[in-house]
file data_17.cif (mmCIF, N, CA and C atoms)
data_target
#
loop_
_atom_site.label_atom_id
_atom_site.label_comp_id
_atom_site.auth_asym_id
_atom_site.auth_seq_id
_atom_site.Cartn_x
_atom_site.Cartn_y
_atom_site.Cartn_z
N MET A 358 109.51 117.40 90.23
CA MET A 358 109.47 116.58 91.42
C MET A 358 109.44 117.44 92.67
N SER A 359 110.13 118.59 92.65
CA SER A 359 110.19 119.41 93.85
C SER A 359 108.85 120.06 94.16
N LYS A 360 108.06 120.35 93.14
CA LYS A 360 106.72 120.92 93.38
C LYS A 360 105.82 119.90 94.07
N ILE A 361 105.88 118.65 93.62
CA ILE A 361 105.07 117.60 94.25
C ILE A 361 105.57 117.32 95.65
N HIS A 362 106.89 117.32 95.81
CA HIS A 362 107.46 117.09 97.14
C HIS A 362 107.06 118.22 98.09
N GLY A 363 107.04 119.45 97.60
CA GLY A 363 106.62 120.58 98.42
C GLY A 363 105.14 120.52 98.76
N LEU A 364 104.35 120.00 97.83
CA LEU A 364 102.91 119.89 98.07
C LEU A 364 102.58 118.79 99.06
N LEU A 365 103.32 117.72 99.03
CA LEU A 365 103.05 116.60 99.93
C LEU A 365 104.03 116.56 101.10
N GLY A 366 104.54 117.70 101.47
CA GLY A 366 105.52 117.78 102.54
C GLY A 366 104.88 117.82 103.92
N LYS A 367 105.70 118.15 104.89
CA LYS A 367 105.30 118.14 106.29
C LYS A 367 104.19 119.15 106.59
N LYS A 368 104.29 120.35 106.01
CA LYS A 368 103.30 121.38 106.31
C LYS A 368 101.92 121.03 105.76
N THR A 369 101.88 120.30 104.68
CA THR A 369 100.59 119.89 104.12
C THR A 369 99.85 118.99 105.10
N TRP A 370 100.54 118.00 105.62
CA TRP A 370 99.89 117.08 106.55
C TRP A 370 99.64 117.73 107.90
N LEU A 371 100.47 118.67 108.29
CA LEU A 371 100.22 119.42 109.52
C LEU A 371 98.97 120.29 109.37
N GLY A 372 98.83 120.92 108.20
CA GLY A 372 97.63 121.72 107.94
C GLY A 372 96.38 120.86 107.89
N CYS A 373 96.48 119.68 107.27
CA CYS A 373 95.35 118.75 107.22
C CYS A 373 94.97 118.28 108.62
N PHE A 374 95.98 118.02 109.45
CA PHE A 374 95.74 117.64 110.84
C PHE A 374 95.01 118.74 111.59
N PHE A 375 95.44 119.99 111.41
CA PHE A 375 94.78 121.10 112.09
C PHE A 375 93.36 121.33 111.58
N ILE A 376 93.12 121.09 110.30
CA ILE A 376 91.76 121.21 109.78
C ILE A 376 90.84 120.24 110.51
N PHE A 377 91.27 118.99 110.63
CA PHE A 377 90.45 118.00 111.32
C PHE A 377 90.35 118.28 112.81
N LEU A 378 91.44 118.70 113.43
CA LEU A 378 91.44 118.97 114.87
C LEU A 378 90.51 120.12 115.24
N VAL A 379 90.61 121.21 114.50
CA VAL A 379 89.77 122.38 114.80
C VAL A 379 88.31 122.09 114.49
N SER A 380 88.05 121.38 113.39
CA SER A 380 86.64 121.08 113.08
C SER A 380 86.04 120.14 114.12
N LEU A 381 86.82 119.20 114.62
CA LEU A 381 86.31 118.34 115.70
C LEU A 381 86.05 119.14 116.97
N GLY A 382 86.94 120.07 117.27
CA GLY A 382 86.74 120.90 118.46
C GLY A 382 85.51 121.79 118.36
N VAL A 383 85.31 122.42 117.19
CA VAL A 383 84.14 123.28 117.01
C VAL A 383 82.87 122.44 117.00
N ASN A 384 82.92 121.26 116.39
CA ASN A 384 81.75 120.36 116.42
C ASN A 384 81.42 119.92 117.83
N ALA A 385 82.44 119.65 118.64
CA ALA A 385 82.19 119.26 120.04
C ALA A 385 81.57 120.41 120.82
N LEU A 386 82.08 121.62 120.61
CA LEU A 386 81.51 122.79 121.28
C LEU A 386 80.06 123.02 120.86
N CYS A 387 79.79 122.92 119.57
CA CYS A 387 78.42 123.10 119.08
C CYS A 387 77.50 122.00 119.60
N SER A 388 78.02 120.79 119.72
CA SER A 388 77.21 119.69 120.26
C SER A 388 76.83 119.95 121.70
N LEU A 389 77.77 120.45 122.47
CA LEU A 389 77.46 120.80 123.87
C LEU A 389 76.41 121.90 123.94
N LEU A 390 76.54 122.90 123.08
CA LEU A 390 75.57 123.99 123.07
C LEU A 390 74.19 123.52 122.61
N LEU A 391 74.16 122.56 121.70
CA LEU A 391 72.88 121.99 121.25
C LEU A 391 72.24 121.15 122.35
N ILE A 392 73.04 120.38 123.07
CA ILE A 392 72.50 119.53 124.14
C ILE A 392 71.98 120.36 125.29
N LYS A 393 72.70 121.43 125.64
CA LYS A 393 72.27 122.29 126.74
C LYS A 393 71.07 123.16 126.38
N GLY A 394 70.74 123.25 125.12
CA GLY A 394 69.58 124.02 124.70
C GLY A 394 69.89 125.47 124.40
N ILE A 395 71.17 125.83 124.38
CA ILE A 395 71.54 127.22 124.08
C ILE A 395 71.33 127.51 122.60
N LEU A 396 71.66 126.56 121.75
CA LEU A 396 71.39 126.68 120.32
C LEU A 396 70.16 125.85 119.97
N PRO A 397 69.32 126.34 119.07
CA PRO A 397 68.15 125.54 118.67
C PRO A 397 68.57 124.33 117.84
N ASP A 398 67.71 123.33 117.81
CA ASP A 398 68.00 122.09 117.09
C ASP A 398 68.13 122.30 115.58
N THR A 399 67.54 123.36 115.07
CA THR A 399 67.59 123.61 113.64
C THR A 399 68.95 124.12 113.18
N SER A 400 69.83 124.49 114.12
CA SER A 400 71.13 125.03 113.73
C SER A 400 72.23 123.97 113.70
N ALA A 401 71.86 122.71 113.69
CA ALA A 401 72.87 121.64 113.68
C ALA A 401 73.67 121.64 112.38
N SER A 402 73.01 121.83 111.26
CA SER A 402 73.74 121.84 109.99
C SER A 402 74.64 123.07 109.88
N ALA A 403 74.18 124.20 110.39
CA ALA A 403 75.02 125.41 110.38
C ALA A 403 76.27 125.21 111.23
N CYS A 404 76.14 124.46 112.32
CA CYS A 404 77.31 124.16 113.17
C CYS A 404 78.31 123.30 112.42
N VAL A 405 77.84 122.34 111.66
CA VAL A 405 78.73 121.48 110.89
C VAL A 405 79.48 122.30 109.84
N TYR A 406 78.75 123.17 109.14
CA TYR A 406 79.38 123.99 108.11
C TYR A 406 80.36 124.98 108.72
N ALA A 407 80.00 125.58 109.84
CA ALA A 407 80.90 126.53 110.51
C ALA A 407 82.17 125.81 111.00
N ALA A 408 82.02 124.60 111.49
CA ALA A 408 83.17 123.86 111.98
C ALA A 408 84.17 123.58 110.85
N TRP A 409 83.69 123.16 109.70
CA TRP A 409 84.60 122.89 108.59
C TRP A 409 85.19 124.17 108.03
N GLY A 410 84.42 125.24 108.01
CA GLY A 410 84.96 126.52 107.53
C GLY A 410 86.05 127.07 108.44
N ILE A 411 85.82 127.03 109.76
CA ILE A 411 86.82 127.50 110.71
C ILE A 411 88.04 126.58 110.69
N GLY A 412 87.80 125.29 110.59
CA GLY A 412 88.91 124.34 110.50
C GLY A 412 89.76 124.59 109.27
N GLY A 413 89.12 124.85 108.13
CA GLY A 413 89.86 125.15 106.90
C GLY A 413 90.66 126.43 107.01
N LEU A 414 90.09 127.44 107.65
CA LEU A 414 90.78 128.71 107.82
C LEU A 414 92.02 128.56 108.68
N ILE A 415 91.88 127.95 109.84
CA ILE A 415 93.02 127.82 110.76
C ILE A 415 94.05 126.82 110.23
N GLY A 416 93.58 125.72 109.67
CA GLY A 416 94.50 124.74 109.11
C GLY A 416 95.33 125.31 107.96
N MET A 417 94.72 126.13 107.13
CA MET A 417 95.46 126.72 106.03
C MET A 417 96.42 127.78 106.50
N CYS A 418 96.04 128.53 107.52
CA CYS A 418 96.98 129.52 108.07
C CYS A 418 98.22 128.84 108.61
N VAL A 419 98.05 127.67 109.20
CA VAL A 419 99.19 126.90 109.70
C VAL A 419 100.01 126.36 108.53
N ALA A 420 99.36 125.85 107.52
CA ALA A 420 100.05 125.17 106.42
C ALA A 420 100.80 126.11 105.49
N VAL A 421 100.28 127.29 105.25
CA VAL A 421 100.88 128.16 104.25
C VAL A 421 101.69 129.30 104.85
N LYS A 422 101.95 129.25 106.12
CA LYS A 422 102.67 130.35 106.76
C LYS A 422 104.05 130.52 106.12
N GLY A 423 104.25 131.68 105.53
CA GLY A 423 105.53 132.00 104.93
C GLY A 423 105.78 131.41 103.57
N LYS A 424 104.77 130.87 102.90
CA LYS A 424 104.96 130.25 101.59
C LYS A 424 104.51 131.21 100.50
N ASP A 425 105.17 131.14 99.37
CA ASP A 425 104.74 131.86 98.19
C ASP A 425 103.73 131.00 97.43
N GLY A 426 102.82 131.62 96.73
CA GLY A 426 101.80 130.87 96.00
C GLY A 426 100.81 130.20 96.93
N ALA A 427 100.44 130.92 97.99
CA ALA A 427 99.60 130.33 99.03
C ALA A 427 98.20 130.00 98.54
N LEU A 428 97.68 130.77 97.60
CA LEU A 428 96.32 130.51 97.13
C LEU A 428 96.26 129.20 96.34
N LEU A 429 97.22 128.97 95.48
CA LEU A 429 97.26 127.71 94.73
C LEU A 429 97.49 126.53 95.68
N TYR A 430 98.34 126.74 96.66
CA TYR A 430 98.62 125.71 97.66
C TYR A 430 97.37 125.41 98.48
N SER A 431 96.58 126.44 98.79
CA SER A 431 95.36 126.22 99.56
C SER A 431 94.33 125.44 98.76
N LEU A 432 94.27 125.65 97.46
CA LEU A 432 93.34 124.88 96.62
C LEU A 432 93.75 123.42 96.56
N ALA A 433 95.05 123.18 96.49
CA ALA A 433 95.53 121.79 96.48
C ALA A 433 95.26 121.11 97.81
N LEU A 434 95.47 121.82 98.91
CA LEU A 434 95.20 121.22 100.22
C LEU A 434 93.71 121.02 100.45
N PHE A 435 92.88 121.90 99.87
CA PHE A 435 91.43 121.69 99.93
C PHE A 435 91.07 120.38 99.23
N ALA A 436 91.67 120.14 98.06
CA ALA A 436 91.36 118.92 97.31
C ALA A 436 91.79 117.68 98.09
N ILE A 437 92.95 117.73 98.70
CA ILE A 437 93.43 116.58 99.49
C ILE A 437 92.53 116.34 100.68
N THR A 438 92.21 117.40 101.41
CA THR A 438 91.38 117.27 102.61
C THR A 438 89.98 116.82 102.27
N PHE A 439 89.39 117.38 101.21
CA PHE A 439 88.04 116.97 100.86
C PHE A 439 88.00 115.53 100.38
N ALA A 440 89.08 115.09 99.72
CA ALA A 440 89.13 113.68 99.31
C ALA A 440 89.14 112.76 100.53
N VAL A 441 89.88 113.14 101.56
CA VAL A 441 89.89 112.34 102.79
C VAL A 441 88.51 112.38 103.46
N ILE A 442 87.90 113.56 103.51
CA ILE A 442 86.56 113.69 104.11
C ILE A 442 85.55 112.86 103.32
N TRP A 443 85.64 112.91 102.00
CA TRP A 443 84.70 112.17 101.17
C TRP A 443 84.86 110.67 101.40
N LEU A 444 86.10 110.19 101.48
CA LEU A 444 86.31 108.76 101.73
C LEU A 444 85.78 108.35 103.09
N LEU A 445 86.01 109.18 104.11
CA LEU A 445 85.47 108.87 105.43
C LEU A 445 83.94 108.90 105.43
N GLY A 446 83.37 109.91 104.79
CA GLY A 446 81.91 110.02 104.73
C GLY A 446 81.28 108.89 103.94
N PHE A 447 81.93 108.49 102.85
CA PHE A 447 81.41 107.38 102.07
C PHE A 447 81.49 106.08 102.86
N GLY A 448 82.55 105.91 103.63
CA GLY A 448 82.68 104.72 104.46
C GLY A 448 81.67 104.67 105.58
N ILE A 449 81.35 105.82 106.16
CA ILE A 449 80.42 105.86 107.29
C ILE A 449 78.97 105.80 106.82
N TYR A 450 78.60 106.67 105.88
CA TYR A 450 77.20 106.78 105.46
C TYR A 450 76.84 105.86 104.30
N GLY A 451 77.81 105.44 103.53
CA GLY A 451 77.54 104.57 102.40
C GLY A 451 76.93 105.28 101.21
N SER A 452 76.94 106.59 101.19
CA SER A 452 76.43 107.34 100.05
C SER A 452 77.44 108.44 99.70
N VAL A 453 77.30 108.96 98.49
CA VAL A 453 78.21 109.99 98.03
C VAL A 453 78.00 111.31 98.75
N ASN A 454 76.80 111.59 99.18
CA ASN A 454 76.46 112.88 99.81
C ASN A 454 76.71 112.87 101.32
N PHE A 455 77.10 111.77 101.89
CA PHE A 455 77.31 111.53 103.32
C PHE A 455 76.38 112.31 104.24
N GLY A 456 75.16 111.87 104.24
CA GLY A 456 74.18 112.37 105.19
C GLY A 456 73.56 113.70 104.83
N GLY A 457 73.64 114.14 103.60
CA GLY A 457 73.04 115.40 103.20
C GLY A 457 73.92 116.61 103.44
N TYR A 458 75.12 116.41 103.99
CA TYR A 458 76.00 117.53 104.29
C TYR A 458 77.10 117.71 103.24
N GLY A 459 77.12 116.93 102.20
CA GLY A 459 78.23 116.91 101.26
C GLY A 459 78.53 118.24 100.59
N MET A 460 77.54 118.84 99.97
CA MET A 460 77.76 120.09 99.24
C MET A 460 78.07 121.23 100.20
N GLY A 461 77.38 121.30 101.31
CA GLY A 461 77.64 122.37 102.28
C GLY A 461 79.02 122.28 102.90
N VAL A 462 79.47 121.06 103.19
CA VAL A 462 80.82 120.86 103.73
C VAL A 462 81.85 121.26 102.69
N ALA A 463 81.63 120.90 101.44
CA ALA A 463 82.57 121.25 100.37
C ALA A 463 82.68 122.76 100.22
N ILE A 464 81.55 123.45 100.24
CA ILE A 464 81.57 124.91 100.06
C ILE A 464 82.22 125.59 101.26
N SER A 465 81.85 125.18 102.47
CA SER A 465 82.42 125.84 103.65
C SER A 465 83.91 125.54 103.80
N LEU A 466 84.35 124.34 103.47
CA LEU A 466 85.77 124.02 103.52
C LEU A 466 86.54 124.78 102.45
N PHE A 467 85.95 124.91 101.27
CA PHE A 467 86.58 125.67 100.19
C PHE A 467 86.76 127.13 100.58
N VAL A 468 85.71 127.74 101.13
CA VAL A 468 85.79 129.14 101.53
C VAL A 468 86.81 129.31 102.66
N GLY A 469 86.81 128.40 103.63
CA GLY A 469 87.78 128.48 104.72
C GLY A 469 89.21 128.32 104.24
N CYS A 470 89.43 127.41 103.30
CA CYS A 470 90.79 127.19 102.78
C CYS A 470 91.26 128.39 101.96
N VAL A 471 90.38 128.96 101.14
CA VAL A 471 90.79 130.12 100.35
C VAL A 471 91.08 131.31 101.25
N LEU A 472 90.24 131.54 102.25
CA LEU A 472 90.51 132.64 103.18
C LEU A 472 91.79 132.40 103.98
N GLY A 473 92.02 131.17 104.37
CA GLY A 473 93.26 130.84 105.08
C GLY A 473 94.47 131.03 104.19
N GLY A 474 94.35 130.72 102.91
CA GLY A 474 95.44 130.95 101.98
C GLY A 474 95.72 132.43 101.77
N LEU A 475 94.66 133.24 101.80
CA LEU A 475 94.85 134.68 101.65
C LEU A 475 95.46 135.30 102.90
N PHE A 476 95.00 134.87 104.07
CA PHE A 476 95.49 135.46 105.32
C PHE A 476 96.84 134.89 105.74
N GLY A 477 97.06 133.61 105.53
CA GLY A 477 98.25 132.97 106.03
C GLY A 477 99.47 133.10 105.15
N GLY A 478 99.30 133.46 103.89
CA GLY A 478 100.42 133.49 102.97
C GLY A 478 101.13 134.81 102.87
N ARG A 479 101.10 135.59 103.89
CA ARG A 479 101.70 136.92 103.84
C ARG A 479 103.22 136.90 103.98
N GLY A 480 103.80 135.78 104.22
CA GLY A 480 105.25 135.70 104.38
C GLY A 480 105.62 135.65 105.85
N GLY A 481 106.72 135.05 106.10
CA GLY A 481 107.18 134.88 107.47
C GLY A 481 108.05 136.04 107.91
N ARG A 482 108.87 135.76 108.86
CA ARG A 482 109.79 136.78 109.35
C ARG A 482 110.85 137.06 108.29
N LYS A 483 111.27 138.29 108.27
CA LYS A 483 112.36 138.63 107.36
C LYS A 483 113.67 138.43 108.11
N LYS A 484 114.58 137.76 107.46
CA LYS A 484 115.87 137.53 108.06
C LYS A 484 116.79 138.69 107.73
N ARG A 485 117.45 139.18 108.74
CA ARG A 485 118.37 140.29 108.54
C ARG A 485 119.76 139.75 108.30
N LYS A 486 120.42 140.36 107.36
CA LYS A 486 121.80 140.00 107.12
C LYS A 486 122.67 140.92 107.96
N THR A 487 123.61 140.35 108.63
CA THR A 487 124.52 141.16 109.41
C THR A 487 125.76 141.42 108.58
N THR A 488 126.21 142.61 108.63
CA THR A 488 127.42 142.96 107.90
C THR A 488 128.52 143.28 108.91
N GLY A 489 129.67 142.99 108.53
CA GLY A 489 130.79 143.30 109.40
C GLY A 489 131.01 142.25 110.45
N LYS A 490 131.74 142.66 111.45
CA LYS A 490 132.13 141.75 112.51
C LYS A 490 131.04 141.68 113.57
N ARG A 491 130.74 140.49 114.02
CA ARG A 491 129.77 140.33 115.09
C ARG A 491 130.49 140.39 116.42
N THR A 492 129.87 141.08 117.33
CA THR A 492 130.44 141.11 118.67
C THR A 492 129.38 140.65 119.64
N TYR A 493 129.80 139.92 120.62
CA TYR A 493 128.89 139.41 121.63
C TYR A 493 129.34 139.92 122.98
N ARG A 494 128.40 140.35 123.76
CA ARG A 494 128.69 140.79 125.11
C ARG A 494 128.63 139.60 126.04
N THR A 495 129.56 139.55 126.87
CA THR A 495 129.52 138.52 127.91
C THR A 495 129.69 139.19 129.24
N ARG A 496 128.90 138.78 130.16
CA ARG A 496 128.99 139.32 131.53
C ARG A 496 129.61 138.27 132.42
N HIS A 497 130.53 138.73 133.17
CA HIS A 497 131.15 137.87 134.16
C HIS A 497 130.98 138.52 135.52
N LYS A 498 130.13 137.95 136.32
CA LYS A 498 129.95 138.46 137.66
C LYS A 498 130.75 137.60 138.62
N LYS A 499 131.54 138.27 139.40
CA LYS A 499 132.34 137.56 140.41
C LYS A 499 132.09 138.11 141.78
#

call {"tool": "encode", "arguments": {"input": "data_17.cif", "output": "structure tokens"}}
result
Amino acid sequence: MSKIHGLLGKKTWLGCFFIFLVSLGVNALCSLLLIKGILPDTSASACVYAAWGIGGLIGMCVAVKGKDGALLYSLALFAITFAVIWLLGFGIYGSVNFGGYGMGVAISLFVGCVLGGLFGGRGGRKKRKTTGKRTYRTRHKK
């Protein structure tokens, strides 16, 4: 039960939130660049894939910070996130491939999540144990 509770805990949903937030931000930036003519129209699909890859990377770094077994955790969070994306895409487009981006989104999100699991799972701060008596300095200015 504790493994499932750890998998569906606060950090999982925070990481999923950051995946969606960052991908929306990168998609908005790419849309502005496409509208202004800085990026060619043919790079729209690459922008979508890059947005999900960057979102997966940053979201996983947030979710697995300081956790052991980060790679396995990143695969589980990829499955949860892609299931949510698939349900949203199926609801919007009415097809399993959601507009022709299905396989590319899956691959880019998978790569981003695995890289985020590798980079983010390095462990957090090390806590130092203090030995002996603690002393605190206090200043009294009069």

call {"tool": "closest_atom_pairs", "arguments": {"input": "data_17.cif", "of": "region 402-475 of chain A", "to": "region 385-393 of chain A", "cutoff": "8 Å", "atoms": "only N, CA and C atoms", "output": "CSV"}}
result
residue,atom,partner,partner_atom,distance
A:Cys404,CA,A:Cys387,CA,6.1
A:Val405,N,A:Cys387,CA,7.5
A:Ala408,CA,A:Ala385,N,7.9

call {"tool": "resolve_selection", "arguments": {"input": "data_17.cif", "expression": "the PyMOL selection byres ((chain A and resi 413) around 6)", "output": "number ranges by chain"}}
result
A: 376, 408-412, 414-418, 466, 469-470, 473

call {"tool": "resolve_selection", "arguments": {"input": "data_17.cif", "expression": "the PyMOL selection byres (((chain A and resi 431-436 and name CA) around 9) and name CA)", "output": "NGL selection string"}}
result
:A and (364 or 369-370 or 372-373 or 413 or 417 or 420-421 or 426-430 or 437-441 or 463 or 466-467 or 470-475)

call {"tool": "atom_distance", "arguments": {"input": "data_17.cif", "atom1": "CA of Phe476 (chain A)", "atom2": "atom C of Lys424 (chain A)"}}
result
11.1 Å

call {"tool": "select_by_dssp", "arguments": {"input": "data_17.cif", "residues": "region 379-489 of chain A", "states": "alpha helix (DSSP H)", "output": "ChimeraX atom specification"}}
result
/A:379-393,401-420,427-450,459-477

call {"tool": "atom_distance", "arguments": {"input": "data_17.cif", "atom1": "CA of Gly457 (chain A)", "atom2": "CA of Ile442 (chain A)"}}
result
13.7 Å

call {"tool": "closest_residue", "arguments": {"input": "data_17.cif", "among": "A:Lys368, A:Asn384, A:Gly446, A:Lys422", "to": "Ser400 (chain A)", "atoms": "only C-alpha atoms"}}
result
A:Asn384
